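Asker: What follows is entry32.csv; its format and atoms are CSV, C-alpha atoms.
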chain,number,residue,atom,x,y,z
A,1,MET,CA,74.7,36.5,52.3
A,2,ILE,CA,72.6,38.1,55.1
A,3,PHE,CA,73.3,41.6,53.7
A,4,THR,CA,72.1,40.5,50.3
A,5,THR,CA,68.9,39.1,51.9
A,6,ILE,CA,68.4,42.4,53.8
A,7,ARG,CA,68.8,44.4,50.7
A,8,ASN,CA,66.2,42.2,49.0
A,9,ASP,CA,63.9,42.8,52.0
A,10,ILE,CA,64.3,46.6,51.6
A,11,ARG,CA,63.4,46.3,47.9
A,12,ALA,CA,60.3,44.2,48.8
A,13,VAL,CA,59.1,47.1,50.9
A,14,PHE,CA,59.1,49.5,48.0
A,15,ASP,CA,57.6,46.9,45.7
A,16,LYS,CA,54.7,46.1,48.0
A,17,ASP,CA,54.0,49.3,49.9
A,18,PRO,CA,53.2,52.5,48.0
A,19,ALA,CA,53.6,54.5,51.3
A,20,ALA,CA,57.4,53.8,51.4
A,21,ARG,CA,59.2,57.0,50.3
A,22,ASN,CA,62.9,56.4,50.9
A,23,ILE,CA,65.4,53.9,52.4
A,24,LEU,CA,66.0,55.9,55.6
A,25,GLU,CA,62.2,55.8,56.3
A,26,VAL,CA,62.2,52.0,55.8
A,27,LEU,CA,65.3,51.5,58.0
A,28,LEU,CA,63.8,53.6,60.9
A,29,CYS,CA,60.0,53.2,60.7
A,30,TYR,CA,59.1,49.8,59.4
A,31,PRO,CA,58.6,47.2,62.3
A,32,GLY,CA,58.1,44.4,59.8
A,33,PHE,CA,61.5,45.0,58.3
A,34,HIS,CA,63.0,45.3,61.8
A,35,ALA,CA,61.5,42.0,62.8
A,36,LEU,CA,62.9,40.2,59.8
A,37,CYS,CA,66.4,41.6,60.3
A,38,LEU,CA,66.4,40.5,63.9
A,39,HIS,CA,65.0,37.1,63.0
A,40,ARG,CA,67.7,36.5,60.4
A,41,ILE,CA,70.3,37.1,63.1
A,42,ALA,CA,68.4,34.9,65.6
A,43,HIS,CA,68.1,32.2,63.0
A,44,ILE,CA,71.8,32.1,62.5
A,45,PHE,CA,72.3,31.5,66.2
A,46,TRP,CA,69.5,28.9,66.2
A,47,LYS,CA,71.2,26.9,63.5
A,48,LEU,CA,74.5,27.1,65.5
A,49,ARG,CA,72.5,25.7,68.4
A,50,PHE,CA,72.8,28.8,70.6
A,51,CYS,CA,69.1,28.3,71.2
A,52,LEU,CA,68.8,30.5,74.3
A,53,LEU,CA,70.5,33.4,72.7
A,54,ALA,CA,68.4,33.0,69.6
A,55,ARG,CA,65.2,33.0,71.7
A,56,LEU,CA,66.4,36.1,73.6
A,57,ILE,CA,66.9,37.9,70.3
A,58,SER,CA,63.4,36.9,69.1
A,59,GLN,CA,61.9,38.0,72.4
A,60,PHE,CA,63.6,41.4,72.1
A,61,SER,CA,62.2,41.6,68.6
A,62,ARG,CA,58.7,40.8,69.8
A,63,TRP,CA,59.0,43.5,72.5
A,64,LEU,CA,60.2,46.0,69.9
A,65,THR,CA,57.9,45.3,67.0
A,66,LEU,CA,54.9,43.3,68.4
A,67,ILE,CA,55.8,40.6,65.8
A,68,GLU,CA,56.6,37.1,67.1
A,69,ILE,CA,58.8,35.0,64.9
A,70,HIS,CA,60.3,31.8,66.3
A,71,PRO,CA,64.1,31.7,65.5
A,72,GLY,CA,63.6,28.2,64.0
A,73,ALA,CA,61.3,29.5,61.2
A,74,GLU,CA,62.8,29.6,57.7
A,75,ILE,CA,62.1,32.8,55.9
A,76,ALA,CA,63.4,33.5,52.4
A,77,SER,CA,64.4,36.9,51.1
A,78,SER,CA,62.1,39.6,49.7
A,79,VAL,CA,59.4,38.9,52.3
A,80,PHE,CA,57.4,41.9,53.6
A,81,ILE,CA,55.4,42.1,56.8
A,82,ASP,CA,53.0,45.1,56.4
A,83,HIS,CA,52.4,46.9,59.7
A,84,GLY,CA,52.9,43.6,61.5
A,85,ALA,CA,51.3,44.0,64.9
A,86,GLY,CA,50.1,40.6,66.1
A,87,VAL,CA,51.9,38.5,63.5
A,88,VAL,CA,52.9,35.1,64.8
A,89,ILE,CA,55.2,32.7,62.9
A,90,GLY,CA,55.8,29.3,64.4
A,91,GLU,CA,59.0,27.3,64.7
A,92,THR,CA,58.7,25.0,61.7
A,93,SER,CA,57.1,27.5,59.4
A,94,ILE,CA,58.7,28.0,56.0
A,95,ILE,CA,58.0,31.2,54.0
A,96,GLY,CA,59.1,31.5,50.4
A,97,GLU,CA,60.4,34.5,48.5
A,98,GLY,CA,58.2,37.5,47.9
A,99,CYS,CA,55.5,36.6,50.4
A,100,LEU,CA,53.4,39.4,52.0
A,101,LEU,CA,51.9,39.1,55.4
A,102,TYR,CA,49.4,41.7,56.9
A,103,GLN,CA,48.9,42.5,60.5
A,104,GLY,CA,47.6,39.8,62.8
A,105,ALA,CA,48.5,36.9,60.4
A,106,VAL,CA,49.2,33.7,62.2
A,107,LEU,CA,51.2,30.6,61.0
A,108,GLY,CA,50.4,28.2,63.9
A,109,GLY,CA,50.8,24.6,64.8
A,110,THR,CA,48.1,22.0,65.7
A,111,CYS,CA,50.0,19.3,67.6
A,112,LEU,CA,52.5,18.9,70.5
A,113,LYS,CA,54.9,16.6,68.7
A,114,ARG,CA,58.4,17.9,67.7
A,115,THR,CA,57.8,17.5,64.0
A,116,LYS,CA,56.8,19.7,61.0
A,117,ARG,CA,53.7,21.2,62.5
A,118,HIS,CA,53.5,24.7,61.0
A,119,PRO,CA,52.6,25.9,57.5
A,120,THR,CA,54.7,26.1,54.4
A,121,LEU,CA,54.2,29.1,52.1
A,122,GLY,CA,55.3,29.0,48.5
A,123,LYS,CA,56.6,32.1,46.6
A,124,ASN,CA,54.6,35.3,46.4
A,125,VAL,CA,51.9,34.2,48.8
A,126,GLU,CA,49.7,36.9,50.4
A,127,VAL,CA,48.2,36.4,53.8
A,128,GLY,CA,45.4,38.9,54.7
A,129,ALA,CA,44.9,40.7,58.0
A,130,GLU,CA,44.0,38.5,61.0
A,131,ALA,CA,44.1,35.4,58.8
A,132,ILE,CA,45.2,32.1,60.5
A,133,ILE,CA,46.9,29.2,58.8
A,134,LEU,CA,47.1,26.1,61.0
A,135,GLY,CA,49.1,22.9,60.8
A,136,PRO,CA,51.7,21.5,58.3
A,137,VAL,CA,49.6,22.7,55.3
A,138,THR,CA,51.1,23.9,52.1
A,139,ILE,CA,50.1,27.2,50.4
A,140,GLY,CA,51.0,27.1,46.8
A,141,ASP,CA,52.9,29.8,44.9
A,142,GLY,CA,50.9,33.0,44.2
A,143,ALA,CA,48.0,31.9,46.5
A,144,ARG,CA,46.0,34.4,48.6
A,145,ILE,CA,44.5,34.0,52.1
A,146,GLY,CA,41.6,36.4,52.7
A,147,ALA,CA,41.4,38.5,55.8
A,148,GLY,CA,40.0,36.7,58.8
A,149,SER,CA,40.1,33.3,57.2
A,150,VAL,CA,41.1,30.1,59.0
A,151,VAL,CA,43.0,27.7,56.7
A,152,VAL,CA,43.5,24.1,57.7
A,153,ARG,CA,44.0,22.5,54.3
A,154,ASP,CA,46.4,22.9,51.4
A,155,VAL,CA,45.7,25.7,49.0
A,156,PRO,CA,46.8,25.2,45.4
A,157,SER,CA,49.0,27.6,43.5
A,158,GLY,CA,47.2,30.7,42.3
A,159,ALA,CA,44.1,30.0,44.3
A,160,THR,CA,42.4,32.1,47.0
A,161,ALA,CA,41.1,30.8,50.3
A,162,ILE,CA,38.3,32.7,52.1
A,163,GLY,CA,36.2,32.1,55.1
A,164,VAL,CA,36.1,29.9,58.2
A,165,PRO,CA,37.1,27.3,57.4
A,166,GLY,CA,39.0,28.6,54.4
A,167,ARG,CA,37.3,27.6,51.1
A,168,VAL,CA,39.2,27.7,47.9
A,169,SER,CA,38.3,29.7,44.8
A,170,LEU,CA,40.4,29.6,41.7
A,171,GLY,CA,40.7,32.2,38.9
A,172,PHE,CA,43.3,34.8,39.8
A,173,SER,CA,45.7,35.8,37.0
A,174,ALA,CA,49.3,36.9,37.5
A,175,SER,CA,48.2,40.5,36.7
A,176,ASP,CA,45.6,40.4,39.4
A,177,ILE,CA,48.1,39.4,42.0
A,178,GLU,CA,50.6,42.0,40.7
A,179,ALA,CA,47.9,44.7,41.0
A,180,LEU,CA,47.2,43.8,44.6
A,181,GLU,CA,43.4,44.2,44.0
A,182,HIS,CA,42.4,42.8,47.4
A,183,ASN,CA,39.0,44.3,47.1
A,184,ARG,CA,38.1,42.0,44.2
A,185,LEU,CA,38.6,38.7,46.0
A,186,PRO,CA,36.1,36.0,44.8
A,187,ASP,CA,33.5,34.6,47.2
A,188,PRO,CA,33.2,30.8,46.9
A,189,VAL,CA,30.1,30.7,49.0
A,190,ALA,CA,28.3,33.2,46.8
A,191,GLY,CA,29.5,31.3,43.8
A,192,ALA,CA,28.1,28.0,45.0
A,193,LEU,CA,24.8,29.7,46.0
A,194,LYS,CA,24.5,31.2,42.5
A,195,VAL,CA,24.9,27.7,40.9
A,196,VAL,CA,22.2,26.3,43.2
A,197,MET,CA,19.8,29.1,42.4
A,198,ARG,CA,20.4,28.8,38.6
A,199,GLU,CA,19.5,25.1,38.8
A,200,ASN,CA,16.5,25.9,41.0
A,201,GLU,CA,15.4,28.5,38.4
A,202,ARG,CA,15.6,25.9,35.6
A,203,LEU,CA,13.5,23.4,37.6
A,204,THR,CA,11.0,26.1,38.6
A,205,GLN,CA,10.5,27.0,34.9
A,206,ARG,CA,9.8,23.4,34.0
A,207,VAL,CA,7.3,23.1,36.9
A,208,ALA,CA,5.7,26.4,35.9
A,209,LYS,CA,5.1,25.1,32.3
A,210,LEU,CA,3.4,22.0,33.7
A,211,GLU,CA,1.2,24.1,36.0
A,212,ASN,CA,0.2,26.4,33.1
A,213,LEU,CA,-0.9,23.4,31.2
A,214,GLU,CA,-3.2,22.4,34.1
A,215,GLY,CA,-4.3,26.0,34.8
A,216,LEU,CA,-2.7,26.1,38.2
A,217,THR,CA,-1.2,29.2,39.9
A,218,ALA,CA,-0.3,30.1,43.5
A,219,THR,CA,0.4,33.2,45.5
A,220,ILE,CA,3.4,31.6,47.1
A,221,ASP,CA,5.1,31.5,43.6
A,222,ARG,CA,5.0,35.3,43.4
A,223,VAL,CA,6.3,35.7,46.9
A,224,TRP,CA,9.2,33.4,46.2
A,225,GLU,CA,10.0,35.1,42.9
A,226,LYS,CA,10.3,38.5,44.7
A,227,LYS,CA,12.5,37.0,47.5
A,228,LYS,CA,14.7,35.2,44.9
A,229,GLN,CA,15.4,38.5,43.1
A,230,GLU,CA,16.4,40.1,46.4
A,231,ILE,CA,18.9,37.3,47.0
A,232,LEU,CA,20.3,37.5,43.5
A,233,GLU,CA,20.8,41.3,43.7
A,234,GLU,CA,22.6,41.0,47.0
A,235,PHE,CA,25.2,38.5,45.7
A,236,GLN,CA,25.5,39.9,42.2
A,237,LEU,CA,26.0,43.5,43.4
A,238,GLY,CA,28.1,42.5,46.4
A,239,GLU,CA,31.4,43.0,44.6
A,240,GLU,CA,30.4,46.5,43.4
A,241,LYS,CA,29.3,47.5,47.0
A,242,PHE,CA,32.8,47.0,48.3
A,243,ASP,CA,34.9,48.3,45.4
A,244,ASN,CA,36.0,51.2,47.6
A,245,GLY,CA,37.4,49.0,50.4
A,246,SER,CA,41.0,48.2,51.0
A,247,GLY,CA,43.1,45.4,52.4
A,248,ILE,CA,42.1,41.7,52.3
With the file now loaded, output its structure as structure tokens.
Answerer:
Amino acid sequence: MIFTTIRNDIRAVFDKDPAARNILEVLLCYPGFHALCLHRIAHIFWKLRFCLLARLISQFSRWLTLIEIHPGAEIASSVFIDHGAGVVIGETSIIGEGCLLYQGAVLGGTCLKRTKRHPTLGKNVEVGAEAIILGPVTIGDGARIGAGSVVVRDVPSGATAIGVPGRVSLGFSASDIEALEHNRLPDPVAGALKVVMRENERLTQRVAKLENLEGLTATIDRVWEKKKQEILEEFQLGEEKFDNGSGI
């Protein structure tokens, strides 16, 4: 069983990292893969209640890979930790099949009680670099957590959470997720701002019509119009400005 899981983990490396060239390279040079292998051994001892031995294995894994995974965490097969330095996965975390975690990702707890206090990730979830997910929240299948985000609430399947605190934006298709186009993540704050500005534009046009009927005009109107165009250009062109970026 464990060998089948490890084989699936190796396949996940090739599926999710174009830099992977051959199996020997994965076996020798991928700390994320090493951390998962050692965790699966530690988890077996943890379930057999050899807790100290399990913790010793996890500490050795931390020293070797800079990835800290508590032996109590439940991690399915085909998971890939890319680069991995600084990744922390808490005791009651659950990670589904096909998940992808970038360096510095944290699945942390928010209370001191011995209960379910760490996140649950569904299948094919992607957690960006330095992203933090706190508490017993559930991240739905195919969801994405943007780099540097702090998520403290549930994220629906297929959604993207960005920012501090993480705000949800829907609209990713299966093909988008498959293509790993991290540089095209939506911006929910910019989207909300655009809605407000469109509504403001509609009201401004109505007021302008009334002012024209009365023969009124003001310099402040021209100044505001110029500033408004600058704001719109910034948010409308923002996606194009960062098209050459990489990673979440």
Asker: For each of A:Val106, A:Ala85, A:Ile10, A:Ala143, take the minimum atom-to-atom distance to A:Thr65, counting only C-alpha atoms, then give the residue where this is smallest.
Answerer: A:Ala85
Asker: What is the distance, in Å and to one decimal place, between atom CA of A:Glu233 and atom CA of A:Ser149?
Answerer: 24.9 Å
Asker: Please determine, counting only C-alpha atoms, which residue among A:His83, A:Arg117, A:Arg49, A:Arg202 has the shortest atom-to-atom distance to A:Gly104.
Answerer: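 Answer, going by the shortest atom-to-atom distance: A:His83.
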Asker: Give me the residues near A:Thr110 as a ChimeraX atom specification, where near means some atom within 12 Å (using all atoms listed in the file) and where sequence neighbours in that chain fewer than 5 positions away do not count.
Answerer: /A:90,92,115-119,132-137,151-152
Asker: So what do you get for atom CA of A:Met1 versus atom CA of A:Gly86, distance-wise?
Answerer: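 Interatomic distance here is 28.5 Å.
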Asker: In Å, with one decimal, what is the gap from atom CA of A:Gly158 to atom CA of A:Ala131?
Answerer: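 Distance between the two atoms: 17.4 Å.
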Asker: Which one of A:Ala42, A:Leu64, A:Leu28, A:Leu107 sits closest to A:Ile2 if you count all atoms listed in the file?
Answerer: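 Distance minimum relative to A:Ile2 lands on A:Ala42.
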Asker: Counting only C-alpha atoms, which residue out of A:Lys123, A:His34, A:Arg114, A:Lys228 sits closest to A:Lys194?
Answerer: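 The answer is A:Lys228, which sits nearest to A:Lys194.
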Asker: So, counting all atoms listed in the file, which residue among A:Pro156, A:Thr204, A:Asp82, A:Gly98 is closest to A:Gly128?
Answerer: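 Ranking A:Pro156, A:Thr204, A:Asp82, A:Gly98 by distance to A:Gly128, first place goes to A:Asp82.
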Asker: Closest to A:Asp15 among A:Ala208, A:Val79, A:Val196, A:Val125, using all atoms listed in the file?
Answerer: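 Looking only at the distances to A:Asp15, the closest residue turns out to be A:Val79.
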Asker: Just the residues within 12 Å of A:Ile23, please, counting all atoms listed in the file, with nothing from its chain fewer than 4 positions along; format it as a ChimeraX atom specification.
Answerer: /A:6-7,9-14,19,27-30,33
Asker: Would you mind writing stretch 13-34 of chain A with N, CA and C atoms, as an mmCIF file, keeping the file's coordinate frame?
Answerer:
data_model
loop_
_atom_site.group_PDB
_atom_site.id
_atom_site.type_symbol
_atom_site.label_atom_id
_atom_site.label_comp_id
_atom_site.auth_asym_id
_atom_site.auth_seq_id
_atom_site.Cartn_x
_atom_site.Cartn_y
_atom_site.Cartn_z
ATOM 1 N N VAL A 13 59.902 46.068 50.322
ATOM 2 C CA VAL A 13 59.100 47.100 50.900
ATOM 3 C C VAL A 13 58.591 48.090 49.867
ATOM 4 N N PHE A 14 59.511 48.529 49.029
ATOM 5 C CA PHE A 14 59.100 49.500 48.000
ATOM 6 C C PHE A 14 58.237 48.849 46.930
ATOM 7 N N ASP A 15 58.431 47.548 46.675
ATOM 8 C CA ASP A 15 57.600 46.900 45.700
ATOM 9 C C ASP A 15 56.161 46.684 46.164
ATOM 10 N N LYS A 16 55.975 46.536 47.496
ATOM 11 C CA LYS A 16 54.700 46.100 48.000
ATOM 12 C C LYS A 16 53.969 47.190 48.853
ATOM 13 N N ASP A 17 54.636 48.294 49.135
ATOM 14 C CA ASP A 17 54.000 49.300 49.900
ATOM 15 C C ASP A 17 54.172 50.696 49.266
ATOM 16 N N PRO A 18 53.118 51.239 48.666
ATOM 17 C CA PRO A 18 53.200 52.500 48.000
ATOM 18 C C PRO A 18 53.494 53.682 48.968
ATOM 19 N N ALA A 19 53.347 53.433 50.276
ATOM 20 C CA ALA A 19 53.600 54.500 51.300
ATOM 21 C C ALA A 19 55.098 54.679 51.530
ATOM 22 N N ALA A 20 55.922 53.713 51.138
ATOM 23 C CA ALA A 20 57.400 53.800 51.400
ATOM 24 C C ALA A 20 57.980 54.882 50.475
ATOM 25 N N ARG A 21 58.712 55.832 51.078
ATOM 26 C CA ARG A 21 59.200 57.000 50.300
ATOM 27 C C ARG A 21 60.747 56.880 50.078
ATOM 28 N N ASN A 22 61.496 56.447 51.074
ATOM 29 C CA ASN A 22 62.900 56.400 50.900
ATOM 30 C C ASN A 22 63.523 55.317 51.834
ATOM 31 N N ILE A 23 64.782 54.972 51.607
ATOM 32 C CA ILE A 23 65.400 53.900 52.400
ATOM 33 C C ILE A 23 65.523 54.240 53.845
ATOM 34 N N LEU A 24 65.837 55.502 54.160
ATOM 35 C CA LEU A 24 66.000 55.900 55.600
ATOM 36 C C LEU A 24 64.662 55.670 56.317
ATOM 37 N N GLU A 25 63.542 55.981 55.679
ATOM 38 C CA GLU A 25 62.200 55.800 56.300
ATOM 39 C C GLU A 25 62.006 54.278 56.570
ATOM 40 N N VAL A 26 62.390 53.434 55.622
ATOM 41 C CA VAL A 26 62.200 52.000 55.800
ATOM 42 C C VAL A 26 63.103 51.493 56.950
ATOM 43 N N LEU A 27 64.335 51.970 57.009
ATOM 44 C CA LEU A 27 65.300 51.500 58.000
ATOM 45 C C LEU A 27 64.809 51.933 59.445
ATOM 46 N N LEU A 28 64.129 53.071 59.547
ATOM 47 C CA LEU A 28 63.800 53.600 60.900
ATOM 48 C C LEU A 28 62.336 53.348 61.288
ATOM 49 N N CYS A 29 61.432 53.190 60.338
ATOM 50 C CA CYS A 29 60.000 53.200 60.700
ATOM 51 C C CYS A 29 59.192 52.031 60.268
ATOM 52 N N TYR A 30 59.812 50.941 59.855
ATOM 53 C CA TYR A 30 59.100 49.800 59.400
ATOM 54 C C TYR A 30 59.311 48.591 60.345
ATOM 55 N N PRO A 31 58.395 48.330 61.303
ATOM 56 C CA PRO A 31 58.600 47.200 62.300
ATOM 57 C C PRO A 31 58.681 45.867 61.595
ATOM 58 N N GLY A 32 57.970 45.678 60.481
ATOM 59 C CA GLY A 32 58.100 44.400 59.800
ATOM 60 C C GLY A 32 59.464 44.136 59.280
ATOM 61 N N PHE A 33 60.104 45.171 58.773
ATOM 62 C CA PHE A 33 61.500 45.000 58.300
ATOM 63 C C PHE A 33 62.424 44.793 59.496
ATOM 64 N N HIS A 34 62.210 45.514 60.612
ATOM 65 C CA HIS A 34 63.000 45.300 61.800
ATOM 66 C C HIS A 34 62.923 43.870 62.304
#
